[in-house]
file target.cif (mmCIF, C-alpha atoms and all ligand atoms)
data_start
#
loop_
_atom_site.label_atom_id
_atom_site.label_comp_id
_atom_site.auth_asym_id
_atom_site.auth_seq_id
_atom_site.Cartn_x
_atom_site.Cartn_y
_atom_site.Cartn_z
CA MET V 238 54.02 10.21 30.28
CA ARG V 239 56.69 10.36 32.95
CA VAL V 240 60.27 9.63 31.88
CA VAL V 241 63.04 8.37 34.14
CA TYR V 242 66.50 9.52 33.06
CA THR V 243 69.89 10.02 34.66
CA PRO V 244 73.09 11.57 33.22
CA GLN V 245 74.99 8.79 35.02
CA HIS V 246 74.87 6.81 31.77
CA LEU V 247 77.52 9.22 30.44
CA ALA V 248 80.08 7.41 32.63
CA HIS V 249 79.86 4.36 30.31
CA ASP V 250 81.96 6.17 27.73
CA ILE V 251 83.39 3.81 25.11
CA ALA V 252 85.06 4.74 21.84
CA SER V 253 85.20 1.40 20.03
CA GLU V 254 83.91 -2.19 20.08
CA THR V 255 85.24 -5.30 18.39
CA ILE V 256 83.40 -7.14 15.62
CA MET V 257 84.94 -10.40 14.38
CA GLY V 258 88.25 -9.43 15.93
CA LEU V 259 88.57 -5.98 14.40
CA PRO V 260 87.92 -2.68 16.21
CA VAL V 261 85.10 -0.50 14.87
CA PRO V 262 83.63 2.73 16.28
CA ALA V 263 81.26 1.91 19.15
CA ASN V 264 77.55 1.75 18.34
CA GLU V 265 76.18 1.86 21.88
CA VAL V 266 77.23 5.43 22.76
CA ALA V 267 76.05 8.18 25.10
CA GLU V 268 74.70 10.27 22.23
CA ARG V 269 71.88 7.72 21.84
CA ALA V 270 70.29 8.45 25.21
CA GLU V 271 71.03 12.18 24.93
CA ARG V 272 69.23 12.36 21.58
CA ILE V 273 66.16 10.69 23.06
CA ARG V 274 66.23 12.89 26.16
CA ALA V 275 66.51 16.06 24.06
CA ALA V 276 63.60 15.08 21.80
CA LEU V 277 61.33 14.21 24.73
CA GLU V 278 62.20 17.48 26.46
CA ALA V 279 61.48 19.42 23.27
CA ASP V 280 58.11 17.69 22.97
CA GLY V 281 56.95 19.11 26.30
CA GLY V 282 54.67 16.17 27.13
CA PHE V 283 57.31 14.01 28.83
CA PRO V 284 58.38 15.29 32.27
CA LEU V 285 61.78 13.91 33.29
CA GLN V 286 62.77 12.70 36.73
CA GLY V 287 65.84 11.01 38.19
CA PRO V 288 65.92 7.40 39.47
CA GLU V 289 65.67 6.23 43.08
CA ALA V 290 68.46 3.93 44.31
CA HIS V 291 67.08 0.39 44.83
CA GLY V 292 70.22 -1.37 46.01
CA ALA V 293 71.65 -4.70 44.88
CA GLU V 294 68.91 -7.02 46.07
CA PRO V 295 66.60 -6.66 43.03
CA ILE V 296 69.65 -7.37 40.82
CA THR V 297 70.72 -10.57 42.58
CA ALA V 298 67.08 -11.70 42.47
CA VAL V 299 67.68 -12.45 38.77
CA HIS V 300 71.48 -12.36 38.38
CA ASP V 301 74.28 -14.52 39.79
CA PRO V 302 75.91 -12.56 42.65
CA GLY V 303 79.20 -13.52 40.99
CA LEU V 304 78.28 -11.48 37.90
CA LEU V 305 77.50 -8.46 40.07
CA ARG V 306 80.81 -8.89 41.92
CA PHE V 307 82.74 -9.27 38.66
CA LEU V 308 81.21 -6.12 37.14
CA ALA V 309 81.91 -4.15 40.34
CA GLU V 310 85.54 -5.32 40.46
CA ALA V 311 86.43 -5.59 36.77
CA TRP V 312 87.76 -2.12 36.00
CA PRO V 313 89.66 -1.58 39.28
CA GLN V 314 91.22 -5.04 38.83
CA ALA V 315 92.13 -4.30 35.21
CA ARG V 316 93.86 -1.13 36.40
CA ARG V 317 95.69 -3.00 39.19
CA GLU V 318 96.94 -5.62 36.78
CA ALA V 319 98.27 -2.69 34.75
CA ILE V 320 96.48 -3.55 31.57
CA ASP V 321 97.35 -0.40 29.69
CA ARG V 322 94.26 -0.38 27.52
CA PRO V 323 91.32 2.01 27.08
CA ALA V 324 88.80 -0.74 27.88
CA LEU V 325 88.52 -4.30 29.17
CA ILE V 326 87.57 -6.87 26.52
CA PRO V 327 87.89 -10.65 27.13
CA GLU V 328 90.73 -12.66 25.68
CA GLY V 329 89.14 -16.11 25.73
CA PHE V 330 85.70 -17.51 26.45
CA ALA V 331 84.24 -20.29 28.58
CA ALA V 332 82.73 -21.91 25.48
CA ARG V 333 80.34 -24.89 25.63
CA GLY V 334 82.97 -27.33 24.34
CA TYR V 335 85.50 -26.47 27.04
CA PHE V 336 83.37 -28.04 29.77
CA GLN V 337 81.64 -30.95 28.00
CA GLU V 338 81.49 -34.07 30.22
CA MET V 339 83.27 -32.21 33.06
CA ALA V 340 81.63 -30.83 36.19
CA ILE V 341 84.29 -28.18 36.73
CA ALA V 342 83.76 -24.45 37.14
CA HIS V 343 86.53 -22.20 38.43
CA GLU V 344 86.24 -18.49 37.94
CA PRO V 345 89.67 -17.39 36.68
CA LYS V 346 91.66 -14.94 38.78
CA ALA V 347 93.46 -12.94 36.08
CA ILE V 348 91.21 -10.25 34.64
CA SER V 349 91.86 -11.21 31.01
CA GLY V 350 90.39 -14.65 31.69
CA ARG V 351 87.89 -13.57 34.29
CA ALA V 352 86.11 -11.32 31.78
CA GLY V 353 85.75 -14.24 29.36
CA TYR V 354 84.22 -16.38 32.11
CA TRP V 355 81.28 -13.96 32.35
CA ALA V 356 81.11 -12.53 28.82
CA LEU V 357 79.13 -13.39 25.70
CA ASP V 358 81.16 -11.47 23.14
CA THR V 359 83.88 -8.92 22.40
CA SER V 360 81.43 -6.13 21.58
CA THR V 361 80.82 -5.06 25.18
CA PRO V 362 83.86 -3.19 26.55
CA ILE V 363 84.10 -2.34 30.23
CA VAL V 364 85.51 1.09 31.15
CA ALA V 365 85.92 3.04 34.39
CA GLY V 366 82.31 4.22 34.56
CA THR V 367 80.59 1.10 33.22
CA TYR V 368 79.56 -0.37 36.56
CA ALA V 369 78.09 2.89 37.91
CA ALA V 370 76.19 3.48 34.67
CA ALA V 371 74.86 -0.09 34.57
CA ARG V 372 73.69 0.15 38.20
CA ALA V 373 72.00 3.48 37.41
CA ALA V 374 70.21 1.93 34.40
CA VAL V 375 68.73 -0.71 36.73
CA ASP V 376 67.54 2.05 39.07
CA VAL V 377 65.99 3.84 36.07
CA ALA V 378 64.05 0.68 35.19
CA LEU V 379 62.92 0.03 38.76
CA THR V 380 61.85 3.66 39.23
CA ALA V 381 59.75 3.45 36.06
CA ALA V 382 58.23 0.24 37.45
CA ASP V 383 57.46 2.00 40.74
CA LEU V 384 55.71 4.84 38.91
CA VAL V 385 53.36 2.32 37.31
CA LEU V 386 52.85 0.44 40.60
CA GLY V 387 52.02 3.85 42.08
CA GLY V 388 49.19 4.45 39.63
CA GLU V 389 50.67 5.75 36.36
CA ARG V 390 49.18 4.08 33.27
CA ALA V 391 52.59 4.04 31.63
CA ALA V 392 56.16 5.14 32.34
CA TYR V 393 59.30 5.21 30.20
CA GLY V 394 62.75 4.36 31.56
CA LEU V 395 65.54 5.71 29.37
CA CYS V 396 67.90 2.89 30.29
CA ARG V 397 71.51 3.05 29.09
CA PRO V 398 73.36 0.73 28.91
CA PRO V 399 70.61 -1.60 27.63
CA GLY V 400 69.90 -4.98 29.21
CA HIS V 401 68.16 -7.75 27.28
CA HIS V 402 71.28 -9.72 26.22
CA ALA V 403 72.42 -10.10 29.86
CA SER V 404 71.43 -13.50 31.26
CA ARG V 405 71.57 -14.70 34.85
CA SER V 406 75.34 -15.23 34.69
CA MET V 407 76.50 -13.40 31.55
CA TYR V 408 77.00 -9.88 30.20
CA GLY V 409 77.28 -9.01 26.50
CA GLY V 410 75.56 -7.43 23.50
CA TYR V 411 76.20 -3.97 25.02
CA CYS V 412 74.28 -5.15 28.15
CA PHE V 413 75.48 -5.67 31.75
CA PHE V 414 72.40 -6.07 33.94
CA ASN V 415 69.06 -7.09 32.43
CA ASN V 416 67.04 -3.98 33.25
CA ALA V 417 63.76 -5.35 31.87
CA ALA V 418 64.11 -8.74 33.60
CA ILE V 419 64.94 -7.07 36.92
CA ALA V 420 61.91 -4.78 36.53
CA ALA V 421 59.61 -7.67 35.54
CA ASP V 422 60.73 -9.77 38.52
CA TRP V 423 60.24 -6.74 40.80
CA LEU V 424 56.75 -6.22 39.39
CA THR V 425 55.75 -9.85 40.03
CA LYS V 426 56.80 -9.50 43.67
CA ARG V 427 55.27 -6.06 44.29
CA SER V 428 51.97 -6.73 42.49
CA GLY V 429 51.46 -10.45 43.16
CA GLU V 430 50.46 -10.68 39.49
CA ARG V 431 51.92 -12.44 36.50
CA VAL V 432 53.88 -10.10 34.22
CA ALA V 433 54.34 -10.14 30.44
CA ILE V 434 57.38 -8.83 28.57
CA LEU V 435 57.19 -7.72 24.93
CA ASP V 436 60.64 -7.35 23.36
CA VAL V 437 60.59 -5.27 20.17
CA ASP V 438 64.34 -4.63 19.96
CA PHE V 439 65.72 -5.90 16.61
CA HIS V 440 67.77 -8.56 18.40
CA HIS V 441 66.51 -11.59 20.28
CA GLY V 442 66.62 -10.94 24.03
CA ASN V 443 68.55 -14.09 24.85
CA GLY V 444 69.17 -12.93 28.42
CA THR V 445 65.51 -12.30 29.20
CA GLN V 446 64.55 -15.64 27.65
CA GLN V 447 67.16 -17.45 29.76
CA ILE V 448 66.17 -15.74 33.02
CA PHE V 449 62.48 -16.63 32.72
CA TRP V 450 62.87 -19.93 30.79
CA ARG V 451 61.49 -22.12 33.60
CA ARG V 452 59.11 -19.57 35.13
CA ASP V 453 55.36 -19.56 34.49
CA ASP V 454 54.76 -16.19 36.17
CA VAL V 455 56.55 -14.22 33.44
CA LEU V 456 55.66 -14.42 29.74
CA TYR V 457 58.45 -13.46 27.32
CA VAL V 458 57.45 -12.57 23.74
CA SER V 459 60.13 -11.36 21.31
CA ILE V 460 59.99 -10.14 17.70
CA HIS V 461 63.49 -10.10 16.15
CA GLY V 462 65.83 -10.79 13.27
CA ASP V 463 66.11 -14.52 12.56
CA PRO V 464 69.09 -16.00 14.46
CA ASP V 465 69.97 -17.98 11.33
CA ARG V 466 71.13 -14.61 10.03
CA VAL V 467 71.89 -12.19 12.87
CA TYR V 468 73.17 -11.64 16.40
CA PRO V 469 72.91 -13.13 19.02
CA TYR V 470 72.99 -16.26 16.77
CA PHE V 471 72.43 -18.93 19.44
CA SER V 472 68.76 -18.37 20.32
CA GLY V 473 65.51 -16.88 19.05
CA TRP V 474 63.98 -19.74 17.04
CA THR V 475 60.26 -20.50 17.25
CA ASP V 476 60.76 -23.92 18.84
CA GLU V 477 62.16 -22.32 22.03
CA ARG V 478 59.06 -22.32 24.22
CA GLY V 479 60.40 -22.68 27.80
CA GLU V 480 60.80 -25.78 29.97
CA GLY V 481 59.21 -27.31 33.04
CA SER V 482 56.40 -25.18 34.43
CA GLY V 483 57.61 -22.43 32.08
CA THR V 484 56.71 -24.46 28.98
CA GLY V 485 54.69 -22.22 26.67
CA THR V 486 55.61 -18.94 28.37
CA ASN V 487 58.39 -18.14 25.88
CA VAL V 488 57.35 -17.01 22.41
CA ASN V 489 59.83 -16.16 19.64
CA VAL V 490 58.85 -14.45 16.39
CA PRO V 491 61.90 -14.37 14.06
CA LEU V 492 61.53 -12.26 10.90
CA PRO V 493 63.40 -12.01 7.57
CA ALA V 494 65.74 -9.30 6.30
CA GLY V 495 63.90 -6.34 4.84
CA THR V 496 60.81 -6.74 7.06
CA SER V 497 58.47 -3.85 6.15
CA ASP V 498 56.07 -1.82 8.30
CA ASP V 499 53.11 -3.99 7.28
CA GLU V 500 54.98 -7.26 7.87
CA TYR V 501 56.19 -6.00 11.24
CA LEU V 502 52.71 -4.88 12.31
CA ALA V 503 51.30 -8.29 11.36
CA ALA V 504 53.93 -9.98 13.56
CA LEU V 505 53.14 -7.50 16.33
CA ASP V 506 49.44 -8.37 16.21
CA ARG V 507 50.24 -12.07 16.60
CA SER V 508 52.52 -11.25 19.54
CA LEU V 509 49.94 -9.04 21.24
CA ASP V 510 47.42 -11.84 20.85
CA ALA V 511 49.73 -14.19 22.79
CA ILE V 512 50.04 -11.55 25.54
CA ALA V 513 46.26 -11.01 25.65
CA HIS V 514 45.86 -14.72 26.53
CA PHE V 515 48.25 -14.41 29.50
CA PRO V 516 46.77 -13.21 32.82
CA GLY V 517 47.89 -9.98 34.46
CA SER V 518 47.60 -6.22 34.06
CA LEU V 519 51.32 -5.36 33.68
CA LEU V 520 53.43 -5.31 30.52
CA VAL V 521 57.15 -4.56 30.36
CA VAL V 522 58.27 -3.40 26.90
CA SER V 523 61.89 -3.89 25.84
CA LEU V 524 61.94 -1.07 23.31
CA GLY V 525 64.60 -1.00 20.60
CA PHE V 526 64.77 1.28 17.58
CA ASP V 527 67.30 -0.92 15.78
CA THR V 528 64.35 -2.21 13.70
CA TYR V 529 64.57 1.18 11.94
CA ALA V 530 65.27 1.11 8.19
CA LEU V 531 68.51 3.08 8.53
CA ASP V 532 69.92 1.25 11.55
CA PRO V 533 73.62 0.56 10.87
CA ILE V 534 73.76 -2.97 12.40
CA SER V 535 70.29 -4.34 11.55
CA ASP V 536 68.26 -5.18 8.43
CA PHE V 537 64.56 -4.45 8.98
CA ALA V 538 62.81 -1.60 7.12
CA VAL V 539 60.54 -0.13 9.81
CA THR V 540 59.78 3.62 9.51
CA THR V 541 59.02 6.40 11.99
CA PRO V 542 55.21 6.48 11.38
CA ALA V 543 55.14 2.73 12.11
CA TYR V 544 56.61 3.36 15.58
CA HIS V 545 53.63 5.58 16.34
CA GLU V 546 51.29 2.76 15.27
CA ILE V 547 53.27 0.11 17.20
CA GLY V 548 53.05 2.20 20.38
CA ARG V 549 49.34 2.70 19.77
CA ARG V 550 48.64 -1.02 19.27
CA VAL V 551 50.71 -2.04 22.32
CA ALA V 552 48.82 0.41 24.53
CA ALA V 553 45.48 -0.72 23.04
CA LEU V 554 46.02 -4.03 24.88
CA GLY V 555 44.87 -2.07 27.93
CA ARG V 556 47.77 -3.12 30.18
CA ARG V 557 49.85 -0.87 32.40
CA LEU V 558 53.13 -0.25 30.59
CA VAL V 559 56.71 -0.14 31.88
CA ILE V 560 58.58 0.86 28.73
CA LEU V 561 62.36 0.41 28.92
CA GLN V 562 64.94 1.46 26.34
CA GLU V 563 67.11 -1.25 24.76
CA GLY V 564 68.95 -0.75 21.43
CA GLY V 565 68.75 1.50 18.37
CA TYR V 566 71.90 2.82 16.70
CA HIS V 567 70.90 5.27 13.95
CA ARG V 568 71.54 8.27 16.16
CA PRO V 569 69.85 11.04 14.11
CA SER V 570 66.45 9.28 14.14
CA LEU V 571 66.36 8.07 17.75
CA GLY V 572 64.66 11.15 19.25
CA GLU V 573 61.83 11.26 16.75
CA ASN V 574 61.33 7.49 16.79
CA ALA V 575 61.05 7.54 20.59
CA ARG V 576 58.66 10.47 20.48
CA ALA V 577 56.52 8.73 17.85
CA TRP V 578 56.37 5.46 19.83
CA LEU V 579 55.62 7.06 23.19
CA ARG V 580 52.99 9.43 21.80
CA GLY V 581 51.36 6.42 20.16
CA ALA V 582 51.37 4.64 23.53
CA GLU V 583 49.40 7.60 24.94
CA ASP V 584 47.05 7.58 21.94
CA ARG V 585 48.19 11.10 21.07
CA GLU V 586 48.86 12.12 17.49
CA PHE V 587 52.42 12.48 16.25
CA ASP V 588 53.52 15.50 14.28
CA PRO V 589 57.20 15.35 13.41
CA LEU V 590 59.27 18.25 14.74
CA PRO V 591 61.32 20.01 12.03
CA ALA V 592 64.59 19.66 13.95
CA ALA V 593 64.47 18.31 17.47
CA GLY V 594 66.78 20.30 19.72
CA PHE V 595 69.93 18.48 20.72
CA THR V 596 71.78 19.85 23.72
CA PRO V 597 74.46 18.21 25.85
CA ALA V 598 73.52 16.60 29.16
CA GLY V 599 72.08 19.31 31.34
CA THR V 600 71.17 19.68 35.00
CA LYS V 601 67.42 19.66 34.51
CA VAL V 602 66.84 16.29 36.13
N1 LIG V 701 77.45 -7.18 12.95
C1 LIG V 701 71.33 -4.36 21.57
O1 LIG V 701 70.70 -3.92 20.61
N2 LIG V 701 77.11 -6.96 17.80
N3 LIG V 701 72.46 -5.05 21.43
C2 LIG V 701 76.47 -6.92 16.55
C3 LIG V 701 76.68 -6.73 14.09
C4 LIG V 701 76.34 -6.89 19.00
C5 LIG V 701 73.01 -5.34 20.13
C6 LIG V 701 77.41 -7.03 15.40
C7 LIG V 701 74.98 -6.25 18.88
C8 LIG V 701 74.31 -6.08 20.22
C9 LIG V 701 70.85 -4.08 22.96
ZN ZN V 702 69.17 -4.67 19.58
#
call {"tool": "encode", "arguments": {"input": "target.cif", "output": "structure tokens"}}
result
Amino acid sequence: MRVVYTPQHLAHDIASETIMGLPVPANEVAERAERIRAALEADGGFPLQGPEAHGAEPITAVHDPGLLRFLAEAWPQARREAIDRPALIPEGFAARGYFQEMAIAHEPKAISGRAGYWALDTSTPIVAGTYAAARAAVDVALTAADLVLGGERAAYGLCRPPGHHASRSMYGGYCFFNNAAIAADWLTKRSGERVAILDVDFHHGNGTQQIFWRRDDVLYVSIHGDPDRVYPYFSGWTDERGEGSGTGTNVNVPLPAGTSDDEYLAALDRSLDAIAHFPGSLLVVSLGFDTYALDPISDFAVTTPAYHEIGRRVAALGRRLVILQEGGYHRPSLGENARAWLRGAEDREFDPLPAAGFTPAGTKV
């Protein structure tokens, strides 16, 4: 299977994030993508290539141009306003209650407020290289989509930063542009077909749900931790099914803490059944390994052999696969979990490597 990767993700280099007001070491770090790249290179069956630039148009097809402008300007503006900080994190938020009953909407000018106008949370710092890395992640996703449109049965885009928490007009949850949503929209236009998205990241993909909420040409199916318990807290319940002509094309499968391999696979089978009833030959997979038993910010109990089986069952649907990386924060396991999943998706066996080689970003791309 071809893999799209770029070392440009290294530019999004953050040291810490904020959880409930207190700084903690960042979870969404460069080592994640480098671990996966190293394991796939060591495997030998996953040729790497760089992304093609696709420009801004596919991004503004699903995102507010104002969000794109903000992300492009945020760091330079933060520097100009002499905010002597390692990263830009919002001070206040445009919360629901601020605007109730009032049809007002001014984007603030000062960067400390402007960030909060576009942001979901305080866990998604912006640094000097964030915008370039986020743009490159979109190009990775679109290049993987092009490989499949060009005849590949499946392609894997090693997107970093991830994307599924970014909605039309909001960044957050370590995400800036919604790589999977941009790729899915691109696929609908290039193929003329309807497109399904299966989101197996631990967290609900609130951004992807929001973007396609009223659309009947894109099915969104997500398996995730119950929002009664975990991030992103405000969406992911089963009664969220879409609106207007999109009614019924949004399917949420929330699961309890401690979800085991067998329980996860049962939920996966139900999800794949929903996809099988939706027309089209293309499936975008939002692939997260934060369902892993040892993930530091999640509470499922999925194991490495199960990823091989999940990949196998997803591919057994018989659809062309655009597989895009989302989350997964237990760094030591990421390479093997990716290898297991992707080998499963090719219906190849998985034999764990004793110690997958881990080398710094190279020039092999
Ligand atoms: N106590 C993705 O996996 N904060 N994003 C969680 C946990 C944000 C996860 C705090 C988690 C975002 C792409
Ligand atoms: Zn996640």
call {"tool": "residues_near_ligand", "arguments": {"input": "target.cif", "ligand": "ligand ZN 702 (chain V)", "cutoff": "9 Å", "atoms": "only C-alpha atoms and all ligand atoms", "output": "ChimeraX atom specification"}}
result
/V:399,401-402,410-411,437-442,461,468,524-528,534-535,563-566
call {"tool": "residues_around", "arguments": {"input": "target.cif", "residues": "Arg239 in chain V", "least_positions_apart": "5", "cutoff": "6 Å", "atoms": "all atoms listed in the file", "output": "list in words"}}
result
Phe283, Pro284 and Ala392 of chain V
call {"tool": "closest_residue", "arguments": {"input": "target.cif", "among": "V:Tyr368, V:Trp312, V:Tyr408, V:Tyr544", "to": "ligand LIG 701 (chain V)", "atoms": "only C-alpha atoms and all ligand atoms"}}
result
V:Tyr408
call {"tool": "residues_around", "arguments": {"input": "target.cif", "residues": "Tyr529 in chain V", "least_positions_apart": "6", "cutoff": "12 Å", "atoms": "only C-alpha atoms", "output": "CSV table (one decimal) with C-alpha atoms, in the coordinates of the input"}}
result
chain,number,residue,atom,x,y,z
V,437,VAL,CA,60.6,-5.3,20.2
V,438,ASP,CA,64.3,-4.6,20.0
V,439,PHE,CA,65.7,-5.9,16.6
V,494,ALA,CA,65.7,-9.3,6.3
V,495,GLY,CA,63.9,-6.3,4.8
V,496,THR,CA,60.8,-6.7,7.1
V,497,SER,CA,58.5,-3.8,6.2
V,498,ASP,CA,56.1,-1.8,8.3
V,501,TYR,CA,56.2,-6.0,11.2
V,535,SER,CA,70.3,-4.3,11.6
V,536,ASP,CA,68.3,-5.2,8.4
V,537,PHE,CA,64.6,-4.4,9.0
V,538,ALA,CA,62.8,-1.6,7.1
V,539,VAL,CA,60.5,-0.1,9.8
V,540,THR,CA,59.8,3.6,9.5
V,541,THR,CA,59.0,6.4,12.0
V,542,PRO,CA,55.2,6.5,11.4
V,543,ALA,CA,55.1,2.7,12.1
V,544,TYR,CA,56.6,3.4,15.6
V,564,GLY,CA,69.0,-0.8,21.4
V,565,GLY,CA,68.8,1.5,18.4
V,566,TYR,CA,71.9,2.8,16.7
V,567,HIS,CA,70.9,5.3,14.0
V,568,ARG,CA,71.5,8.3,16.2
V,569,PRO,CA,69.8,11.0,14.1
V,570,SER,CA,66.4,9.3,14.1
V,571,LEU,CA,66.4,8.1,17.8
V,573,GLU,CA,61.8,11.3,16.8
V,574,ASN,CA,61.3,7.5,16.8
V,575,ALA,CA,61.0,7.5,20.6
call {"tool": "axis_aligned_box", "arguments": {"input": "target.cif", "around": "range 573-589 of chain V", "padding_each_side": "5 Å", "output": "AutoDock Vina command-line options"}}
result
--center_x 54.4 --center_y 10.1 --center_z 19.2 --size_x 24.8 --size_y 20.9 --size_z 21.5
call {"tool": "closest_residue", "arguments": {"input": "target.cif", "among": "V:Val521, V:Ala577, V:Ala356, V:Val488", "to": "Ala378 in chain V", "atoms": "only C-alpha atoms"}}
result
V:Val521
call {"tool": "residues_around", "arguments": {"input": "target.cif", "residues": "range 254-269 of chain V", "least_positions_apart": "3", "cutoff": "7 Å", "atoms": "only C-alpha atoms", "output": "short mmCIF file (atom, residue, chain, number, x, y, z; two decimals) with C-alpha atoms, keeping the file's coordinate frame"}}
result
data_model
loop_
_atom_site.label_atom_id
_atom_site.label_comp_id
_atom_site.auth_asym_id
_atom_site.auth_seq_id
_atom_site.Cartn_x
_atom_site.Cartn_y
_atom_site.Cartn_z
CA HIS V 246 74.87 6.81 31.77
CA LEU V 247 77.52 9.22 30.44
CA ASP V 250 81.96 6.17 27.73
CA ILE V 251 83.39 3.81 25.11
CA ARG V 272 69.23 12.36 21.58
CA ILE V 273 66.16 10.69 23.06
CA THR V 359 83.88 -8.92 22.40
CA SER V 360 81.43 -6.13 21.58
CA THR V 361 80.82 -5.06 25.18
CA PRO V 362 83.86 -3.19 26.55
CA TYR V 411 76.20 -3.97 25.02
CA TYR V 566 71.90 2.82 16.70
CA ARG V 568 71.54 8.27 16.16
CA LEU V 571 66.36 8.07 17.75
#
call {"tool": "atom_distance", "arguments": {"input": "target.cif", "atom1": "CA of Ile434 in chain V", "atom2": "CA of Leu357 in chain V"}}
result
22.4 Å
call {"tool": "closest_residue", "arguments": {"input": "target.cif", "among": "V:Leu379, V:Ile296, V:Ala417, V:Leu520", "to": "ligand LIG 701 (chain V)", "atoms": "only C-alpha atoms and all ligand atoms"}}
result
V:Ala417
call {"tool": "closest_residue", "arguments": {"input": "target.cif", "among": "V:Phe413, V:Trp423, V:Phe449, V:Phe587", "to": "ligand LIG 701 (chain V)", "atoms": "all atoms listed in the file"}}
result
V:Phe413
call {"tool": "closest_residue", "arguments": {"input": "target.cif", "among": "V:Ala552, V:Phe414, V:Glu389, V:Gly481", "to": "Arg585 in chain V", "atoms": "all atoms listed in the file"}}
result
V:Ala552
call {"tool": "build_atoms", "arguments": {"input": "target.cif", "residues": "range 339-350 of chain V", "atoms": "N, CA, C and O atoms", "output": "CSV table (one decimal), in the frame of the given file"}}
result
chain,number,residue,atom,x,y,z
V,339,MET,N,82.5,-32.5,31.8
V,339,MET,CA,83.3,-32.2,33.1
V,339,MET,C,82.5,-31.3,34.0
V,339,MET,O,82.1,-30.2,33.5
V,340,ALA,N,82.3,-31.7,35.2
V,340,ALA,CA,81.6,-30.8,36.2
V,340,ALA,C,82.7,-30.0,36.9
V,340,ALA,O,82.9,-30.1,38.1
V,341,ILE,N,83.3,-29.1,36.1
V,341,ILE,CA,84.3,-28.2,36.7
V,341,ILE,C,83.8,-26.8,36.4
V,341,ILE,O,83.2,-26.5,35.4
V,342,ALA,N,84.1,-25.9,37.3
V,342,ALA,CA,83.8,-24.4,37.1
V,342,ALA,C,84.5,-23.5,38.1
V,342,ALA,O,84.1,-23.2,39.2
V,343,HIS,N,85.7,-23.2,37.7
V,343,HIS,CA,86.5,-22.2,38.4
V,343,HIS,C,86.5,-20.9,37.7
V,343,HIS,O,86.8,-20.8,36.6
V,344,GLU,N,86.1,-19.8,38.5
V,344,GLU,CA,86.2,-18.5,37.9
V,344,GLU,C,87.7,-18.1,37.9
V,344,GLU,O,88.4,-18.2,38.9
V,345,PRO,N,88.2,-17.7,36.7
V,345,PRO,CA,89.7,-17.4,36.7
V,345,PRO,C,90.0,-16.2,37.6
V,345,PRO,O,89.1,-15.4,37.9
V,346,LYS,N,91.3,-16.1,37.9
V,346,LYS,CA,91.7,-14.9,38.8
V,346,LYS,C,92.1,-13.8,37.9
V,346,LYS,O,91.8,-12.6,38.2
V,347,ALA,N,92.9,-14.0,36.9
V,347,ALA,CA,93.5,-12.9,36.1
V,347,ALA,C,92.3,-12.3,35.3
V,347,ALA,O,91.4,-13.0,34.8
V,348,ILE,N,92.4,-11.0,35.2
V,348,ILE,CA,91.2,-10.2,34.6
V,348,ILE,C,91.0,-10.6,33.2
V,348,ILE,O,89.8,-10.6,32.7
V,349,SER,N,92.0,-10.9,32.4
V,349,SER,CA,91.9,-11.2,31.0
V,349,SER,C,91.1,-12.5,30.8
V,349,SER,O,90.3,-12.6,29.8
V,350,GLY,N,91.2,-13.4,31.8
V,350,GLY,CA,90.4,-14.6,31.7
V,350,GLY,C,89.1,-14.5,32.4
V,350,GLY,O,88.0,-15.0,32.0
